[in-house]
Amino acid sequence: MTERIVLAYSGGLDTSVAIGWIGEATGAEVIAVAVDVGQGGESLETIRQRALGCGAVEAYVADASDEFANEYCMPTLKANALYQGHYPLVSAISRPVIVKHLVKAAREFGATTVAHGCTGKGNDQVRFEVGIQTLGPDLKCIAPVRDLALTRDKAIAFAEEKGLPIETTKKNPYSIDQNVWGRAVETGYLEDIWNAPTKDIYDYTATPEFPPAPDEVTISFEAGVPVAIDGVKVTPLQAIKELNRRAGAQGVGRIDVVEDRLVGIKSREIYEAPGAMALITAHKHLEDITVEREQARFKATVGQRWSELVYDGQWFSPLKRSLDAFIEDTQRYVTGDIRMVLHGGQAIVNGRRSETSLYDFDLATYDTGDTFDQSMARGFIELWGMSAKVASGRDIRVNGK
Ligand code: ARG
């Protein structure tokens, strides 16, 4: 029987050419797998037809946008995950859901190998292959761009020679990856890290310099998940989409960073994630009133570690799973409403309310009638500083200072 390979297929030039390229290089039959993670653009049916037109023996298409929002974006929100303090893991969280579908398709169509279009320099190759090793340990992986010398020039020549139904003239100098959680743009003139991005880079966000009138929005959460916007019930996918639109119109969520890739390279990245950044901001502010202090402090550390694991392609790892359990436990009381103003590139919270809040007006107030007994503070401070005071006494005794 002819060997079969499932290919992570985007519908773009490189993966379209990869179908025939892999076929010629390996003699295998190629099954194209296209997964909708809310990236917009062409319909799955158009992509399916193109895959078949480029020589795929089968095309597997999956609308995974709700699955992606529920099972990948929501955990990222609960973790307030920002890799290196900036990046909401847009591409990093889409790879594991694509991997799930690749492995499913491999099983359905009897494939022995999984192929993806990543280069050898990025994180995505790691995320795909580590994911596949974990979910389908018997499956092999190949990357035609990395392993079969499929360069951009060769891809264009191949497409023209074979008359593939794909445009080869459109010259986009950037490498772009997008889904409903956000958009990542890299390469081209952005590789000079002093160059400011030009307007044409952006798609999810409008220029924040000339914003429309301020947009006030109320987001309601239940156990850390957005359930309503301005009182209208929403699914996680709808919440992200609605905030992509409204926060995007205000230029919220533009990110320009140099980040540390897993492969040891520092790379310049432009991200836009209006919905994700608005949601993370709102969610964090709701946690500020509903999560107990020590739990909240520890959670920040856990969230950072979680972000690193996910960035580094460890979505299906045991440690990530354990941290998920911790994070989930912290979300028990993260229920309530956050009101925020979206304007001029910023999402600023100006109101919060929750039935499960730990904010106690009577303890906090400086007005008369507060229930906080200020006389307790003296003794507390005395004991709190005791250990450092004893140590400093020793310093003076031993060193004279
Ligand atoms: N550097 C980001 C990450 O590793 C974005 C990668 C985007 N991928 C792409 N093919 N442009 O998550």
# chains A, B, ... in the order shown; residues from 1 in each chain; ligands from 1

call {"tool": "select_by_dssp", "arguments": {"residues": "region 106-146 of chain A", "states": "alpha helix (DSSP H)", "output": "list in words"}}
result
Ala106, Arg107, Glu108, Phe109, Asp124, Gln125, Val126, Arg127, Phe128, Glu129, Val130, Gly131, Ile132, Gln133, Thr134, Leu135, Pro144, Val145 and Arg146 of chain A

call {"tool": "residues_near_ligand", "arguments": {"ligand": "ligand 1", "cutoff": "10 Å", "atoms": "only C-alpha atoms and all ligand atoms", "output": "ChimeraX atom specification"}}
result
/A:83,87-95,117-119,122-127,174-178,183-187,257-262,266-271,310-313

call {"tool": "residues_around", "arguments": {"residues": "Arg339 (chain A)", "least_positions_apart": "3", "cutoff": "7 Å", "atoms": "only C-alpha atoms", "output": "NGL selection string"}}
result
:A and (217-219 or 349-352)

call {"tool": "residues_around", "arguments": {"residues": "Lys171 (chain A)", "least_positions_apart": "6", "cutoff": "12 Å", "atoms": "only C-alpha atoms", "output": "ChimeraX atom specification"}}
result
/A:13,152-153,156,188

call {"tool": "write_last_selection", "arguments": {"atoms": "C-alpha atoms", "output": "mmCIF file, in the first residue's frame"}}
result
data_model
loop_
_atom_site.group_PDB
_atom_site.id
_atom_site.type_symbol
_atom_site.label_atom_id
_atom_site.label_comp_id
_atom_site.auth_asym_id
_atom_site.auth_seq_id
_atom_site.Cartn_x
_atom_site.Cartn_y
_atom_site.Cartn_z
ATOM 1 C CA LEU A 13 1.639 29.026 -1.674
ATOM 2 C CA ARG A 152 10.229 30.125 -1.680
ATOM 3 C CA ASP A 153 11.784 30.502 -5.159
ATOM 4 C CA ILE A 156 6.993 29.615 -7.121
ATOM 5 C CA GLY A 188 10.978 41.663 6.003
#

call {"tool": "atom_distance", "arguments": {"atom1": "CA of Asp203 (chain A)", "atom2": "CA of Gly248 (chain A)"}}
result
8.9 Å

call {"tool": "select_by_dssp", "arguments": {"residues": "region 100-286 of chain A", "states": "strand (DSSP E)", "output": "PyMOL selection string"}}
result
chain A and resi 113-115+140-142+175-179+182-186+215-222+225-229+232-233+254-260+266-272

call {"tool": "residues_around", "arguments": {"residues": "Met340 (chain A)", "least_positions_apart": "2", "cutoff": "12 Å", "atoms": "only C-alpha atoms", "output": "NGL selection string"}}
result
:A and (214-220 or 229-230 or 243 or 246-247 or 278-283 or 285-286 or 337-338 or 342-343 or 346-352)

call {"tool": "write_last_selection", "arguments": {"atoms": "C-alpha atoms", "output": "short mmCIF file (atom, residue, chain, number, x, y, z; two decimals), in the first residue's frame"}}
result
data_model
loop_
_atom_site.label_atom_id
_atom_site.label_comp_id
_atom_site.auth_asym_id
_atom_site.auth_seq_id
_atom_site.Cartn_x
_atom_site.Cartn_y
_atom_site.Cartn_z
CA PRO A 214 -14.42 56.22 23.61
CA ASP A 215 -16.20 52.88 23.81
CA GLU A 216 -17.31 51.75 27.27
CA VAL A 217 -17.88 48.04 27.60
CA THR A 218 -18.97 45.79 30.46
CA ILE A 219 -17.66 42.25 30.42
CA SER A 220 -19.26 39.66 32.71
CA ILE A 229 -20.83 41.62 26.96
CA ASP A 230 -22.98 44.62 27.87
CA LEU A 243 -13.77 42.53 21.49
CA ARG A 246 -14.47 46.95 19.41
CA ALA A 247 -10.99 47.06 20.94
CA ALA A 278 -8.88 43.56 26.45
CA LEU A 279 -10.03 40.26 27.96
CA ILE A 280 -6.79 39.63 29.84
CA THR A 281 -6.90 43.16 31.28
CA ALA A 282 -10.52 42.76 32.40
CA HIS A 283 -9.91 39.27 33.76
CA HIS A 285 -8.82 43.21 37.31
CA LEU A 286 -11.61 40.84 38.32
CA ASP A 337 -18.54 42.38 35.97
CA ILE A 338 -15.72 44.60 34.75
CA LEU A 342 -11.53 51.30 25.12
CA HIS A 343 -9.89 54.36 23.64
CA GLN A 346 -5.78 51.58 25.73
CA ALA A 347 -8.24 49.44 27.63
CA ILE A 348 -8.70 51.02 31.05
CA VAL A 349 -10.84 49.48 33.74
CA ASN A 350 -13.02 51.96 35.63
CA GLY A 351 -15.49 49.77 37.49
CA ARG A 352 -15.83 46.33 38.99
#

call {"tool": "decode", "arguments": {"residues": "region 63-164 of chain A", "atoms": "C-alpha atoms", "output": "mmCIF file, in the first residue's frame"}}
result
data_model
loop_
_atom_site.group_PDB
_atom_site.id
_atom_site.type_symbol
_atom_site.label_atom_id
_atom_site.label_comp_id
_atom_site.auth_asym_id
_atom_site.auth_seq_id
_atom_site.Cartn_x
_atom_site.Cartn_y
_atom_site.Cartn_z
ATOM 1 C CA ASP A 63 -14.041 24.163 11.864
ATOM 2 C CA ALA A 64 -12.238 24.236 15.189
ATOM 3 C CA SER A 65 -12.968 27.859 16.032
ATOM 4 C CA ASP A 66 -15.187 27.136 19.042
ATOM 5 C CA GLU A 67 -12.912 24.331 20.190
ATOM 6 C CA PHE A 68 -9.943 26.706 19.914
ATOM 7 C CA ALA A 69 -11.736 29.472 21.829
ATOM 8 C CA ASN A 70 -13.042 27.171 24.582
ATOM 9 C CA GLU A 71 -10.129 24.829 25.143
ATOM 10 C CA TYR A 72 -7.113 26.936 24.177
ATOM 11 C CA CYS A 73 -7.920 30.652 24.424
ATOM 12 C CA MET A 74 -9.849 30.349 27.698
ATOM 13 C CA PRO A 75 -7.035 28.571 29.583
ATOM 14 C CA THR A 76 -4.700 31.263 28.246
ATOM 15 C CA LEU A 77 -7.049 33.927 29.600
ATOM 16 C CA LYS A 78 -7.370 32.200 32.983
ATOM 17 C CA ALA A 79 -3.564 32.160 33.191
ATOM 18 C CA ASN A 80 -3.363 35.842 32.094
ATOM 19 C CA ALA A 81 -0.664 34.378 29.908
ATOM 20 C CA LEU A 82 1.799 36.856 28.433
ATOM 21 C CA TYR A 83 5.127 35.352 27.377
ATOM 22 C CA GLN A 84 7.945 37.631 28.532
ATOM 23 C CA GLY A 85 5.279 39.956 29.848
ATOM 24 C CA HIS A 86 3.988 40.904 26.393
ATOM 25 C CA TYR A 87 2.932 38.149 24.023
ATOM 26 C CA PRO A 88 -0.468 36.477 24.517
ATOM 27 C CA LEU A 89 0.727 33.249 22.828
ATOM 28 C CA VAL A 90 -1.337 33.642 19.664
ATOM 29 C CA SER A 91 0.517 31.123 17.481
ATOM 30 C CA ALA A 92 1.715 28.986 20.361
ATOM 31 C CA ILE A 93 -1.821 27.994 21.391
ATOM 32 C CA SER A 94 -3.053 27.300 17.855
ATOM 33 C CA ARG A 95 -0.444 24.598 17.181
ATOM 34 C CA PRO A 96 -1.756 22.083 19.725
ATOM 35 C CA VAL A 97 -5.319 22.251 18.373
ATOM 36 C CA ILE A 98 -4.008 21.813 14.831
ATOM 37 C CA VAL A 99 -1.915 18.880 16.061
ATOM 38 C CA LYS A 100 -5.036 17.236 17.506
ATOM 39 C CA HIS A 101 -6.709 17.394 14.114
ATOM 40 C CA LEU A 102 -3.585 16.228 12.284
ATOM 41 C CA VAL A 103 -3.379 13.145 14.465
ATOM 42 C CA LYS A 104 -7.118 12.528 14.075
ATOM 43 C CA ALA A 105 -6.819 12.820 10.299
ATOM 44 C CA ALA A 106 -3.756 10.540 10.271
ATOM 45 C CA ARG A 107 -5.811 7.878 12.071
ATOM 46 C CA GLU A 108 -8.832 8.351 9.819
ATOM 47 C CA PHE A 109 -6.855 8.101 6.594
ATOM 48 C CA GLY A 110 -4.229 5.600 7.674
ATOM 49 C CA ALA A 111 -1.240 7.948 7.423
ATOM 50 C CA THR A 112 2.134 7.153 8.978
ATOM 51 C CA THR A 113 3.681 10.615 8.743
ATOM 52 C CA VAL A 114 2.698 14.181 9.519
ATOM 53 C CA ALA A 115 4.088 17.125 7.544
ATOM 54 C CA HIS A 116 4.055 20.846 8.302
ATOM 55 C CA GLY A 117 5.307 23.923 6.478
ATOM 56 C CA CYS A 118 7.554 25.406 9.173
ATOM 57 C CA THR A 119 11.150 26.437 8.684
ATOM 58 C CA GLY A 120 13.960 25.167 10.884
ATOM 59 C CA LYS A 121 14.395 28.481 12.696
ATOM 60 C CA GLY A 122 11.153 28.977 14.547
ATOM 61 C CA ASN A 123 9.129 27.744 17.476
ATOM 62 C CA ASP A 124 6.256 26.357 15.465
ATOM 63 C CA GLN A 125 8.198 23.324 14.175
ATOM 64 C CA VAL A 126 8.877 22.400 17.800
ATOM 65 C CA ARG A 127 5.263 22.859 18.821
ATOM 66 C CA PHE A 128 3.988 20.718 15.951
ATOM 67 C CA GLU A 129 6.475 17.920 16.381
ATOM 68 C CA VAL A 130 6.483 17.742 20.164
ATOM 69 C CA GLY A 131 2.679 17.693 20.037
ATOM 70 C CA ILE A 132 2.681 14.921 17.474
ATOM 71 C CA GLN A 133 5.239 12.887 19.382
ATOM 72 C CA THR A 134 2.973 13.119 22.414
ATOM 73 C CA LEU A 135 -0.420 12.437 20.831
ATOM 74 C CA GLY A 136 0.776 10.044 18.123
ATOM 75 C CA PRO A 137 4.102 8.556 19.209
ATOM 76 C CA ASP A 138 4.069 6.137 16.277
ATOM 77 C CA LEU A 139 3.818 8.958 13.702
ATOM 78 C CA LYS A 140 6.854 10.362 11.886
ATOM 79 C CA CYS A 141 7.268 14.064 11.116
ATOM 80 C CA ILE A 142 8.640 15.854 8.094
ATOM 81 C CA ALA A 143 8.888 19.515 7.212
ATOM 82 C CA PRO A 144 9.342 20.040 3.435
ATOM 83 C CA VAL A 145 10.700 23.573 3.823
ATOM 84 C CA ARG A 146 13.250 22.412 6.378
ATOM 85 C CA ASP A 147 13.890 18.789 5.346
ATOM 86 C CA LEU A 148 13.152 18.661 1.608
ATOM 87 C CA ALA A 149 14.751 21.989 0.574
ATOM 88 C CA LEU A 150 11.522 23.616 -0.515
ATOM 89 C CA THR A 151 12.539 27.274 -0.742
ATOM 90 C CA ARG A 152 10.229 30.125 -1.680
ATOM 91 C CA ASP A 153 11.784 30.502 -5.159
ATOM 92 C CA LYS A 154 11.463 26.790 -5.819
ATOM 93 C CA ALA A 155 7.867 26.899 -4.616
ATOM 94 C CA ILE A 156 6.993 29.615 -7.121
ATOM 95 C CA ALA A 157 8.788 27.802 -9.961
ATOM 96 C CA PHE A 158 7.083 24.512 -9.056
ATOM 97 C CA ALA A 159 3.621 26.097 -8.909
ATOM 98 C CA GLU A 160 4.098 27.753 -12.296
ATOM 99 C CA GLU A 161 5.547 24.675 -13.938
ATOM 100 C CA LYS A 162 2.698 22.443 -12.722
ATOM 101 C CA GLY A 163 0.041 25.102 -13.271
ATOM 102 C CA LEU A 164 -1.196 24.801 -9.683
#
